[in-house]
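Asks: work-v9.txt is reproduced in full below (compact mmCIF, C-alpha atoms).
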```txt
# COMPACT_ATOMS: atom_id res chain seq x y z
CA MET A 88 49.43 80.66 166.48
CA PRO A 89 49.21 76.96 167.27
CA ILE A 90 50.24 75.34 170.49
CA VAL A 91 53.65 73.74 170.15
CA GLY A 92 53.57 69.98 169.94
CA ARG A 93 52.86 69.06 166.29
CA ARG A 94 55.44 67.58 163.98
CA ARG A 95 56.54 69.17 160.75
CA GLY A 96 54.62 67.78 157.82
CA THR A 97 55.26 67.52 154.08
CA PRO A 98 57.14 70.32 152.28
CA VAL A 99 54.10 72.51 151.66
CA ILE A 100 56.56 75.38 151.52
CA LEU A 101 56.69 74.77 147.75
CA LEU A 102 53.03 75.77 147.52
CA LEU A 103 53.90 79.05 149.18
CA PHE A 104 56.55 79.75 146.54
CA PHE A 105 54.02 78.91 143.83
CA GLU A 106 51.53 81.38 145.32
CA VAL A 107 54.12 84.15 145.60
CA PHE A 108 55.60 83.78 142.12
CA GLY A 109 52.54 82.45 140.29
CA ALA A 110 49.11 83.30 141.68
CA VAL A 111 49.89 86.61 143.39
CA GLY A 112 52.93 87.75 141.42
CA ILE A 113 56.08 88.88 143.14
CA ASN A 114 55.85 92.31 141.47
CA ASN A 115 52.48 92.91 143.13
CA ILE A 116 53.79 92.39 146.67
CA PRO A 117 55.07 95.55 148.43
CA PRO A 118 58.65 95.43 149.77
CA ILE A 119 57.99 95.11 153.53
CA THR A 120 55.37 92.40 153.01
CA LEU A 121 57.69 90.49 150.69
CA CYS A 122 60.70 90.83 153.00
CA ALA A 123 58.71 89.68 156.03
CA THR A 124 57.40 86.65 154.12
CA VAL A 125 60.85 85.70 152.87
CA PHE A 126 62.36 86.21 156.33
CA MET A 127 59.85 83.98 158.14
CA SER A 128 60.15 81.34 155.41
CA ALA A 129 63.93 81.42 155.77
CA VAL A 130 63.60 81.08 159.55
CA TYR A 131 61.37 78.05 159.12
CA LEU A 132 63.74 76.43 156.59
CA ARG A 133 66.76 77.24 158.80
CA LEU A 134 68.60 78.92 155.93
CA PHE A 135 70.82 80.74 158.44
CA GLU A 136 71.95 80.15 161.97
CA LEU A 137 69.38 80.95 164.65
CA PRO A 138 69.64 81.44 168.42
CA TRP A 139 67.30 78.47 168.85
CA THR A 140 66.97 74.99 167.38
CA SER A 141 63.28 74.10 167.95
CA PRO A 142 59.98 75.93 168.48
CA HIS A 143 59.93 74.79 172.11
CA GLU A 144 62.88 77.07 172.84
CA VAL A 145 61.07 80.23 171.71
CA CYS A 146 57.37 79.54 172.31
CA ILE A 147 55.41 82.15 174.28
CA SER A 148 54.00 81.14 177.65
CA VAL A 149 53.35 82.68 181.04
CA ARG A 150 56.04 80.59 182.72
CA GLN A 151 58.75 81.42 180.21
CA VAL A 152 57.95 85.09 179.54
CA TRP A 153 56.39 86.34 182.76
CA LEU A 154 57.95 84.18 185.45
CA ARG A 155 61.41 83.63 183.90
CA LYS A 156 61.56 87.08 182.25
CA GLU A 157 62.47 85.74 178.81
CA TRP A 158 60.93 88.71 176.96
CA TRP A 159 62.78 87.96 173.73
CA ARG A 160 60.37 85.04 173.20
CA ILE A 161 57.68 87.55 172.20
CA PHE A 162 59.63 88.31 169.00
CA TYR A 163 61.32 84.98 168.37
CA GLY A 164 58.11 83.05 168.91
CA ALA A 165 56.19 85.28 166.48
CA VAL A 166 58.46 84.49 163.51
CA GLU A 167 58.70 80.74 164.24
CA HIS A 168 56.09 78.27 162.96
CA ALA A 169 55.18 74.78 164.03
CA ASP A 170 54.86 73.04 160.64
CA ASP A 171 54.51 73.55 156.89
CA MET A 172 50.77 74.13 156.81
CA HIS A 173 51.00 76.59 159.66
CA LEU A 174 53.56 78.65 157.76
CA TYR A 175 51.69 78.34 154.45
CA TYR A 176 48.31 79.61 155.67
CA ASN A 177 49.85 82.35 157.77
CA MET A 178 52.01 83.70 154.95
CA ILE A 179 49.23 83.60 152.35
CA SER A 180 46.90 85.46 154.68
CA PHE A 181 49.64 87.96 155.56
CA ILE A 182 50.50 88.63 151.90
CA TRP A 183 46.94 89.55 150.94
CA LYS A 184 46.54 91.82 153.96
CA GLY A 185 49.97 93.34 153.47
CA ILE A 186 49.29 94.20 149.82
CA ARG A 187 46.39 96.41 150.87
CA LEU A 188 47.67 97.85 154.12
CA GLU A 189 51.22 98.61 153.00
CA LYS A 190 49.97 100.46 149.91
CA ARG A 191 47.60 102.48 152.07
CA LEU A 192 49.87 103.21 155.03
CA GLY A 193 53.21 103.31 153.26
CA SER A 194 56.09 100.88 153.73
CA LEU A 195 57.72 102.68 156.66
CA LYS A 196 54.53 103.00 158.69
CA PHE A 197 53.48 99.45 157.82
CA LEU A 198 56.79 98.16 159.22
CA TYR A 199 56.21 100.27 162.31
CA VAL A 200 52.71 98.82 162.71
CA ILE A 201 54.01 95.25 162.37
CA ILE A 202 56.65 95.78 165.07
CA VAL A 203 54.17 97.34 167.49
CA PHE A 204 51.49 94.71 166.78
CA THR A 205 54.00 91.89 167.31
CA THR A 206 55.07 93.31 170.66
CA LEU A 207 51.57 94.01 171.91
CA THR A 208 50.12 90.71 170.67
CA GLY A 209 52.76 88.70 172.52
CA GLY A 210 52.29 90.76 175.66
CA CYS A 211 48.52 90.48 175.45
CA LEU A 212 48.80 86.70 174.99
CA VAL A 213 50.83 86.43 178.19
CA ALA A 214 48.35 88.63 180.05
CA LEU A 215 45.33 86.61 178.82
CA SER A 216 47.03 83.33 179.71
CA LEU A 217 47.80 84.64 183.18
CA ILE A 218 44.18 85.71 183.69
CA ALA A 219 42.88 82.38 182.35
CA SER A 220 45.17 80.47 184.70
CA GLU A 221 43.79 82.39 187.66
CA LEU A 222 40.13 82.05 186.64
CA PHE A 223 39.88 78.67 184.91
CA ASP A 224 42.83 76.31 184.84
CA VAL A 225 46.41 76.43 186.09
CA ARG A 226 47.56 74.63 182.93
CA PHE A 227 47.32 77.91 180.98
CA VAL A 228 50.59 78.90 182.66
CA ASP A 229 52.50 76.26 180.71
CA GLN A 230 50.55 76.51 177.45
CA CYS A 231 53.13 77.54 174.84
CA ALA A 232 52.40 78.99 171.39
CA VAL A 233 54.34 80.15 168.33
CA GLY A 234 53.44 81.77 165.03
CA PHE A 235 52.51 85.01 163.32
CA SER A 236 48.75 84.40 163.27
CA GLY A 237 48.08 86.67 166.26
CA VAL A 238 49.57 89.61 164.37
CA ILE A 239 47.65 88.57 161.25
CA PHE A 240 44.40 88.70 163.22
CA ALA A 241 45.28 92.24 164.30
CA LEU A 242 45.93 93.19 160.66
CA LYS A 243 42.64 91.54 159.73
CA VAL A 244 40.79 93.89 162.07
CA VAL A 245 42.52 96.91 160.52
CA THR A 246 41.81 95.65 156.99
CA THR A 247 38.09 95.19 157.62
CA TYR A 248 37.99 98.64 159.20
CA TYR A 249 39.51 100.36 156.15
CA TRP A 250 37.61 98.20 153.63
CA PRO A 251 34.27 97.37 155.29
CA ARG A 252 32.67 96.23 152.02
CA THR A 253 35.19 93.48 151.39
CA GLN A 254 33.64 90.16 150.41
CA ASN A 255 33.24 88.04 153.52
CA THR A 256 34.86 84.73 152.63
CA PHE A 257 36.78 82.25 154.72
CA LEU A 258 38.52 79.20 153.21
CA GLY A 259 36.47 79.71 150.06
CA MET A 260 33.15 79.85 151.95
CA HIS A 261 30.94 82.92 151.92
CA LEU A 262 29.91 84.04 155.39
CA PRO A 263 26.74 86.19 155.55
CA LEU A 264 28.18 88.47 158.22
CA SER A 265 29.21 92.07 158.48
CA SER A 266 32.94 92.60 158.03
CA GLN A 267 33.31 93.78 161.62
CA TYR A 268 32.02 90.40 162.88
CA LEU A 269 33.94 88.30 160.36
CA VAL A 270 37.10 88.21 162.45
CA TRP A 271 35.16 86.81 165.41
CA ALA A 272 33.63 84.12 163.19
CA GLU A 273 37.10 83.16 161.95
CA LEU A 274 38.27 82.91 165.56
CA LEU A 275 35.58 80.33 166.33
CA VAL A 276 35.83 78.45 163.03
CA ILE A 277 39.60 78.05 163.29
CA GLN A 278 39.24 76.74 166.82
CA LEU A 279 36.69 74.17 165.66
CA PHE A 280 38.72 72.91 162.69
CA VAL A 281 42.15 73.26 164.33
CA PRO A 282 41.83 72.45 168.04
CA GLN A 283 45.60 72.79 168.48
CA ALA A 284 45.43 76.47 167.57
CA SER A 285 45.97 78.94 170.38
CA PHE A 286 42.62 80.56 171.04
CA LEU A 287 44.15 83.14 173.38
CA GLY A 288 46.84 84.00 170.83
CA HIS A 289 44.26 84.80 168.15
CA LEU A 290 42.10 86.65 170.66
CA ALA A 291 45.10 88.76 171.67
CA GLY A 292 45.57 89.80 168.04
CA ILE A 293 41.92 90.81 167.73
CA LEU A 294 42.12 92.93 170.87
CA VAL A 295 45.26 94.69 169.62
CA GLY A 296 43.60 95.41 166.27
CA LEU A 297 40.51 96.80 167.97
CA SER A 298 42.62 99.03 170.18
CA TYR A 299 44.17 100.44 166.98
CA VAL A 300 40.97 101.17 165.05
CA LYS A 301 38.64 101.88 167.98
CA GLY A 302 40.92 102.68 170.90
CA PRO A 303 43.82 105.05 171.60
CA LEU A 304 46.60 102.89 170.13
CA LYS A 305 46.75 104.67 166.74
CA THR A 306 46.91 108.09 168.40
CA VAL A 307 49.70 106.98 170.73
CA MET A 308 51.66 105.39 167.87
CA ASP A 309 51.33 108.50 165.69
CA ALA A 310 52.41 110.79 168.52
CA PHE A 311 55.39 108.59 169.37
CA SER A 312 56.58 108.28 165.77
CA SER A 313 56.26 112.04 165.20
CA THR A 314 58.29 112.72 168.35
CA VAL A 315 61.03 110.18 167.64
CA PHE A 316 61.54 111.16 164.00
CA ALA A 317 61.02 114.91 164.45
CA GLY A 318 64.76 115.59 164.21
CA PHE A 319 65.20 113.91 160.85
CA LEU A 320 64.79 115.99 157.72
CA ILE A 321 62.74 113.35 155.93
CA PHE A 322 59.97 113.65 158.51
CA ARG A 323 60.02 117.42 158.95
CA SER A 324 57.14 119.58 157.80
CA ARG A 325 58.33 123.10 157.01
CA PRO A 326 58.47 125.51 154.05
CA ASP A 327 61.63 126.64 152.30
CA ILE A 328 61.88 130.35 153.24
CA THR A 329 65.18 131.20 151.52
CA PRO A 330 64.60 134.14 149.13
CA SER A 331 66.31 134.16 145.76
CA ARG A 332 69.01 136.74 145.01
CA SER A 333 67.15 138.32 142.11
CA GLN A 334 64.05 138.82 144.20
CA THR A 335 66.14 140.33 147.01
CA ARG A 336 67.50 142.95 144.61
CA GLU A 337 64.07 143.85 143.28
CA ASN A 338 62.17 143.99 146.55
CA SER A 339 63.22 144.66 150.08
CA HIS A 340 60.41 142.40 151.30
CA PRO A 341 59.99 139.59 148.78
CA VAL A 342 56.77 137.60 148.93
CA ALA A 343 57.97 134.63 146.88
CA TYR A 344 60.64 132.07 147.58
CA SER A 345 63.45 130.63 145.55
CA GLN A 346 61.80 127.20 145.49
CA PRO A 347 58.16 126.12 145.59
CA TYR A 348 56.59 125.47 148.93
CA ARG A 349 57.44 121.94 150.03
CA GLN A 350 55.39 120.08 152.62
CA LEU A 351 56.94 116.76 153.58
CA VAL A 352 54.44 114.31 155.03
CA PRO A 353 55.27 113.23 158.59
CA PRO A 354 54.83 109.62 159.70
CA GLY A 355 51.57 108.39 161.07
CA MET A 356 49.38 109.51 158.16
CA SER A 357 47.11 107.35 156.08
CA GLU A 358 47.02 107.60 152.31
CA GLU A 359 43.99 109.92 152.39
CA GLU A 360 45.68 112.19 154.95
CA GLN A 361 48.81 112.34 152.80
CA ILE A 362 46.74 113.32 149.76
CA ASN A 363 44.96 116.06 151.72
CA GLN A 364 48.31 117.33 153.00
CA ALA A 365 49.69 117.46 149.46
CA VAL A 366 46.61 119.31 148.20
CA ARG A 367 46.93 121.93 150.92
CA ALA A 368 50.62 122.38 150.11
CA SER A 369 49.82 122.76 146.41
CA LEU A 370 47.11 125.33 147.12
CA LEU A 371 49.45 127.32 149.35
CA ASP A 372 52.13 127.30 146.66
CA HIS A 373 49.54 128.45 144.11
CA ASN A 374 48.43 131.30 146.38
CA ILE A 375 52.04 132.45 146.85
CA HIS A 376 52.62 132.68 143.10
CA SER A 377 49.23 134.30 142.57
CA ASN A 378 50.04 136.99 145.13
CA ARG A 379 53.37 137.66 143.46
CA SER A 380 51.73 137.95 140.04
CA SER A 381 49.05 140.27 141.42
CA GLN A 382 51.60 142.54 143.03
CA ASN A 383 53.71 142.68 139.87
CA GLN A 384 50.63 143.51 137.81
CA SER A 385 49.58 146.23 140.26
CA SER A 386 53.04 147.80 140.12
CA HIS A 387 52.98 147.74 136.32
CA ASP A 388 49.51 149.35 136.19
CA ALA A 389 50.53 152.06 138.63
CA HIS A 390 53.59 152.84 136.53
CA GLN A 391 51.51 153.11 133.37
CA GLU A 392 48.99 155.34 135.11
CA ASN A 393 51.67 157.69 136.39
CA ASN A 394 53.20 158.06 132.92
CA GLY A 395 49.89 159.23 131.48
CA SER A 396 48.86 161.49 134.35
CA PRO A 397 49.24 165.34 133.99
CA ILE A 398 50.46 165.64 137.57
CA SER A 399 53.28 163.13 137.22
CA ILE A 400 56.67 164.61 138.15
CA PRO A 401 59.44 163.68 135.74
CA SER A 402 62.91 162.92 136.84
CA SER A 403 65.26 165.83 137.56
CA SER A 404 67.59 164.58 134.85
CA LEU A 405 64.95 165.59 132.26
CA TYR A 406 65.07 169.34 133.19
CA PRO A 407 67.49 171.47 131.02
CA ASN A 408 70.20 173.66 132.52
CA LEU A 409 68.72 177.24 132.33
CA GLU A 410 72.05 179.01 132.82
CA SER A 411 73.57 177.08 129.92
CA LEU A 412 70.67 178.04 127.66
CA ARG A 413 71.05 181.74 128.60
CA GLN A 414 74.74 181.73 127.76
CA ARG A 415 74.08 180.08 124.39
CA ARG A 416 71.49 182.73 123.51
CA LEU A 417 73.85 185.58 124.40
CA LEU A 418 76.63 184.11 122.26
CA ARG A 419 74.26 183.65 119.35
CA PHE A 420 73.01 187.27 119.29
CA SER A 421 76.46 188.75 119.90
```
Using structure tokens, write down the structure from this file.
Replies:
Amino acid sequence: MPIVGRRRGTPVILLLFFEVFGAVGINNIPPITLCATVFMSAVYLRLFELPWTSPHEVCISVRQVWLRKEWWRIFYGAVEHADDMHLYYNMISFIWKGIRLEKRLGSLKFLYVIIVFTTLTGGCLVALSLIASELFDVRFVDQCAVGFSGVIFALKVVTTYYWPRTQNTFLGMHLPLSSQYLVWAELLVIQLFVPQASFLGHLAGILVGLSYVKGPLKTVMDAFSSTVFAGFLIFRSRPDITPSRSQTRENSHPVAYSQPYRQLVPPGMSEEEQINQAVRASLLDHNIHSNRSSQNQSSHDAHQENNGSPISIPSSSLYPNLESLRQRRLLRFS
């Protein structure tokens, strides 16, 4: 998230296309990650009409967002980039993080995480700039930044949390640090090599990521998503309790259902939680069928036992008519 003021450089956007189609492989990129990359590249290349003409019109600053109430800058400024290299490094970093996180979280939840992280990162940047202007320098009020790197830093924190044993490399250099400290090292290294980068923008992304993996943000997001999507069938979690007609004829209180037990996974679950949910649903379905088989076997055994027992009472239709037999005997002897 660099500070606005640099000119656009050479068309390094071609390198990005080479990475997507050559090095990474477009088939290996999940749909939300690919769509977000294509969208931000199209915004940078001005392939369609935009509500703004230059990064200065959408950059995020205290004066524009907080004082003038231009809240839309939080979203417009996140998808805009200052130059070719800014877009290239951001998109490459986002692709590699998106490949892992989207496959783990699922496409729908990953999109939800991106939207929330974008909103919170922009808001946190404004808050940090406001605090810095009060404590250090008034010029932080007018410091304007654009780019997706703040959100990428938040995703970096989540990635190192889920994969703590990932090799700690930065720009091809191995850093002998724990993965939880790697993001802080990148924050300092980027600021040293790229002084124009927005330190507060990257710091805002780190704080948002930490609030997700260490703080209450994940719990709040999961609760909100479950509440909002509770009315839609795709997010419901309930069994199918409609008995089949054949089972209704056989039993007045059927124990099995016309279809197997189905447990649809609600939003807000990681891949491991989804697997555990599916295992529990499978075990419950197995228990239902096992109970039905046990009851059928018990009924069959009881029937066999009654047929062989000396005290079993046959049906009344098996008894002969005594009066009819008496009349036949009288006619025979007469």
Asks: What's around stretch 100-105 of chain A at 12 Å? Count all atoms listed in the file, leave out sequence neighbours fewer than 4 positions away in its own chain, and write the answer as a short mmCIF file (atom, residue, chain, number, x, y, z; two decimals) with C-alpha atoms, in the frame of the given file.
Replies:
```cif
data_model
loop_
_atom_site.label_atom_id
_atom_site.label_comp_id
_atom_site.auth_asym_id
_atom_site.auth_seq_id
_atom_site.Cartn_x
_atom_site.Cartn_y
_atom_site.Cartn_z
CA ARG A 95 56.54 69.17 160.75
CA GLY A 96 54.62 67.78 157.82
CA GLY A 109 52.54 82.45 140.29
CA ALA A 110 49.11 83.30 141.68
CA VAL A 111 49.89 86.61 143.39
CA GLY A 112 52.93 87.75 141.42
CA ILE A 113 56.08 88.88 143.14
CA LEU A 121 57.69 90.49 150.69
CA THR A 124 57.40 86.65 154.12
CA VAL A 125 60.85 85.70 152.87
CA MET A 127 59.85 83.98 158.14
CA SER A 128 60.15 81.34 155.41
CA ALA A 129 63.93 81.42 155.77
CA TYR A 131 61.37 78.05 159.12
CA LEU A 132 63.74 76.43 156.59
CA HIS A 168 56.09 78.27 162.96
CA ASP A 170 54.86 73.04 160.64
CA ASP A 171 54.51 73.55 156.89
CA MET A 172 50.77 74.13 156.81
CA HIS A 173 51.00 76.59 159.66
CA LEU A 174 53.56 78.65 157.76
CA TYR A 175 51.69 78.34 154.45
CA TYR A 176 48.31 79.61 155.67
CA ASN A 177 49.85 82.35 157.77
CA MET A 178 52.01 83.70 154.95
CA ILE A 179 49.23 83.60 152.35
CA SER A 180 46.90 85.46 154.68
CA PHE A 181 49.64 87.96 155.56
CA ILE A 182 50.50 88.63 151.90
#
```
Asks: State, in Å with one decimal place, the distance from atom CA of A:Thr120 to atom CA of A:Gly185.
Replies: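 Separating atom CA of A:Thr120 from atom CA of A:Gly185 is a distance of 5.5 Å.
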Asks: Given all atoms listed in the file as the basis, pick out the residue of A:Asn115, A:Ser313, A:Gln414, A:Thr306 nearest to A:Lys190.
Replies: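 Closest candidate: A:Asn115.
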Asks: Within 9 Å of A:Pro118, counting all atoms listed in the file, which residues qualify if same-chain residues fewer than 5 places away don't, as a list in words?
Replies: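 Near neighbours after the sequence-gap exclusion: Ala123, Glu189 and Ser194 of chain A.
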Asks: Report, in Å to a single decimal, how far apart atom CA of A:Leu304 and atom CA of A:Glu167 are.
Replies: 25.9 Å
Asks: Interatomic distance between atom CA of A:Ile119 and atom CA of A:Val107?
Replies: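 Between atom CA of A:Ile119 and atom CA of A:Val107 the gap works out to 14.1 Å.
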Asks: Compile the contact shell of A:Trp271 as a list in words: residues with an atom at most 10 Å away, counting only C-alpha atoms, same-chain residues fewer than 2 positions apart removed.
Replies: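 That gives Phe240, Val244, Ser266, Gln267, Tyr268, Leu269, Glu273, Leu274, Leu275, Val276, His289, Leu290 and Ile293 of chain A.
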Asks: Show me, as a PyMOL selection string, the residues that have an atom within 10 Å of stretch 219-224 of chain A when counting all atoms listed in the file, minus same-chain residues fewer than 6 positions from it.
Replies: chain A and resi 149+213+230+287
